[in-house]
Number of protein chains: 2
Amino acid sequence: MTKSSECCNTHNPTPGAVEFVQEKMCPKETLNDLAVTFKILGEPVRIKILHALSIRDLCVCDLSELLEMSHSAISHQLRILRTARMVRFEKNGRRAIYSLNDKHVEIIMQTALAHMLKDGCEIPQGEK
Amino acid sequence: MTKSSECCNTHNPTPGAVEFVQEKMCPKETLNDLAVTFKILGEPVRIKILHALSIRDLCVCDLSELLEMSHSAISHQLRILRTARMVRFEKNGRRAIYSLNDKHVEIIMQTALAHMLKDGCEIPQGEK
DNA sequence: TTAACATATGAACATCTGTTCATATATTAA
DNA sequence: TTAATATATGAACAGATGTTCATATGTTAA
């Protein structure tokens, strides 16, 4: 009797492979959190906001002009970044001066950039 | 005369701030590419596939069982990862054995994980 | 050859998500 | 106070995206 009987689809996985990998995998929650982090970074506007803030603290108005987007759109995105604790802000009069909350995001972006620009854009001719 | 006249919204950016940042920012295309990379990593299923493949090469059937998803759904996601050159595959009989295309993604994931978990976390690493 | 198997893929569908619009809150200037 | 400024946010809309379903392609076994 094969595993086919358990499901509408046929299943003949590589013997032992699934168990082997299962044992060594990070917890599901960790991987989900990781995906959440990347998802937030996976939007051009947000990457640009974070990159800009890594150069200098800026208010909503500055970001709006820099990225040529409405105040509202920027504010909505900043809210997402705030919720994810990637940025924070300080009130200065009627301005909200935004800055990076810590160095993590910056380091992750720099790592990704370095690896993308190294030999990333070319097809690495892996010996097959 | 303020910049308000140029636009429906009012604009009083911090003097010099936008220009200062503009000069130092990475090219727009680079940041967009970066976002594309992160967007692909920003899906739980894809992160799990990549993480699993970092432990061991697997076929579609294995991934299907490991992640408890249909063959079709896995195959669709693998297509996206292939297009992004994050994975490659080798035909073995009627199987398609998938593996990571290079070490970049693995390193980016590890960097993000390390910073998420802060205190030196140990990442289960499959030796090949 | 025929049947079973392994994967790939287009189309339809539902969900998620980012922007716009309108409006609210809060601060400063007149 | 009133007006202008700066930001925040809910609702609605549109576009993007992941899964399912049906089907196609290609491989191996009988």
# chains A, B, ... in the order shown; residues from 1 in each chain; ligands from 1
call {"tool": "residues_around", "arguments": {"residues": "region 1-3 of chain C", "least_positions_apart": "3", "cutoff": "12 Å", "atoms": "only C-alpha atoms (C1' of nucleotides)", "output": "list in words"}}
result
DT28, DA29 and DA30 of chain D
call {"tool": "residues_around", "arguments": {"residues": "region 12-22 of chain C", "least_positions_apart": "3", "cutoff": "12 Å", "atoms": "only C-alpha atoms (C1' of nucleotides)", "output": "ChimeraX atom specification"}}
result
/A:39-40,43-46,69-77,80 /D:9-22
call {"tool": "closest_atom_pairs", "arguments": {"of": "chain A", "to": "chain B", "cutoff": "6 Å", "atoms": "only C-alpha atoms", "output": "CSV"}}
result
residue,atom,partner,partner_atom,distance
A:Pro13,CA,B:Asp62,CA,4.8
A:Val18,CA,B:Leu66,CA,5.8
A:Lys24,CA,B:Pro124,CA,5.6
A:Asn32,CA,B:Pro44,CA,5.4
A:Ala35,CA,B:Gly42,CA,4.4
A:Phe38,CA,B:Gly42,CA,4.4
A:Lys39,CA,B:Gly42,CA,3.7
A:Leu41,CA,B:Phe38,CA,5.8
A:Gly42,CA,B:Lys39,CA,3.7
A:Glu43,CA,B:Ala35,CA,5.4
A:Pro44,CA,B:Ala35,CA,5.2
A:Cys61,CA,B:Pro13,CA,5.3
A:Asp62,CA,B:Pro13,CA,4.8
A:Leu66,CA,B:Val18,CA,5.8
A:His104,CA,B:His115,CA,5.8
A:Ile108,CA,B:Ala112,CA,5.8
A:Ala112,CA,B:Ile108,CA,5.8
A:His115,CA,B:His104,CA,5.9
call {"tool": "write_last_selection", "arguments": {"atoms": "C-alpha atoms", "output": "mmCIF file, in the first residue's frame"}}
result
data_model
loop_
_atom_site.group_PDB
_atom_site.id
_atom_site.type_symbol
_atom_site.label_atom_id
_atom_site.label_comp_id
_atom_site.auth_asym_id
_atom_site.auth_seq_id
_atom_site.Cartn_x
_atom_site.Cartn_y
_atom_site.Cartn_z
ATOM 1 C CA PRO A 13 8.296 11.375 -2.105
ATOM 2 C CA VAL A 18 10.898 14.833 4.023
ATOM 3 C CA LYS A 24 16.381 20.421 10.582
ATOM 4 C CA ASN A 32 6.526 33.145 8.865
ATOM 5 C CA ALA A 35 8.425 36.288 5.426
ATOM 6 C CA PHE A 38 10.670 40.494 3.723
ATOM 7 C CA LYS A 39 7.148 41.296 2.593
ATOM 8 C CA LEU A 41 10.746 45.250 2.394
ATOM 9 C CA GLY A 42 9.244 43.975 -0.843
ATOM 10 C CA GLU A 43 7.550 47.210 -1.800
ATOM 11 C CA PRO A 44 9.528 49.794 -3.814
ATOM 12 C CA CYS A 61 6.693 66.309 3.617
ATOM 13 C CA ASP A 62 10.317 65.645 2.636
ATOM 14 C CA LEU A 66 11.593 63.067 -2.603
ATOM 15 C CA HIS A 104 18.815 45.752 11.429
ATOM 16 C CA ILE A 108 19.701 43.422 5.755
ATOM 17 C CA ALA A 112 20.989 41.948 -0.110
ATOM 18 C CA HIS A 115 24.929 40.029 -3.034
#
call {"tool": "calpha_fit_rmsd", "arguments": {"fixed": "chain A", "moving": "chain B"}}
result
7.6 Å
call {"tool": "select_by_dssp", "arguments": {"residues": "chain A", "states": "helix (DSSP H, G or I)", "output": "JSON, numbers by chain"}}
result
{"A": [3, 4, 5, 6, 17, 18, 19, 20, 21, 22, 23, 24, 28, 29, 30, 31, 32, 33, 34, 35, 36, 37, 38, 39, 40, 41, 44, 45, 46, 47, 48, 49, 50, 51, 52, 53, 54, 55, 60, 61, 62, 63, 64, 65, 66, 71, 72, 73, 74, 75, 76, 77, 78, 79, 80, 81, 82, 83, 104, 105, 106, 107, 108, 109, 110, 111, 112, 113, 114, 115, 116, 117, 118, 119, 120]}
call {"tool": "atom_distance", "arguments": {"atom1": "C1' of DT23 (chain C)", "atom2": "C1' of DT5 (chain D)"}}
result
15.6 Å
call {"tool": "interface_residues", "arguments": {"of": "chain C", "to": "chain A", "cutoff": "8 Å", "atoms": "only C-alpha atoms (C1' of nucleotides)", "output": "list in words"}}
result
DC5, DT19, DA26, DT27 and DT28 of chain C
call {"tool": "write_last_selection", "arguments": {"atoms": "N, CA and C atoms (P, O5', C5', C4', C3', O3' and C1' of nucleotides)", "output": "compact mmCIF listing (two decimals), in the first residue's frame"}}
result
# COMPACT_ATOMS: atom_id res chain seq x y z
P DC C 5 0.05 5.40 -9.82
O5' DC C 5 1.25 6.39 -10.19
C5' DC C 5 2.50 5.85 -10.57
C4' DC C 5 3.38 6.94 -11.13
C3' DC C 5 3.48 8.20 -10.27
O3' DC C 5 4.84 8.39 -9.94
C1' DC C 5 3.15 8.74 -12.55
P DT C 19 1.53 53.02 -2.75
O5' DT C 19 0.31 53.86 -3.33
C5' DT C 19 -0.06 53.70 -4.70
C4' DT C 19 -1.40 54.33 -4.95
C3' DT C 19 -1.49 55.80 -4.51
O3' DT C 19 -1.77 56.62 -5.64
C1' DT C 19 -3.35 54.53 -3.69
P DA C 26 -6.13 65.45 18.90
O5' DA C 26 -4.84 66.32 18.56
C5' DA C 26 -3.79 65.74 17.79
C4' DA C 26 -2.86 66.83 17.32
C3' DA C 26 -2.72 68.00 18.31
O3' DA C 26 -1.36 68.38 18.35
C1' DA C 26 -3.26 68.81 16.20
P DT C 27 -0.75 69.08 19.65
O5' DT C 27 0.22 70.17 19.01
C5' DT C 27 1.05 69.80 17.92
C4' DT C 27 1.26 70.98 17.01
C3' DT C 27 1.60 72.29 17.73
O3' DT C 27 2.86 72.75 17.27
C1' DT C 27 -0.02 72.64 16.04
P DT C 28 3.66 73.90 18.00
O5' DT C 28 3.44 75.15 17.04
C5' DT C 28 3.91 75.07 15.69
C4' DT C 28 3.33 76.21 14.89
C3' DT C 28 3.59 77.61 15.46
O3' DT C 28 4.32 78.35 14.49
C1' DT C 28 1.33 77.35 14.79
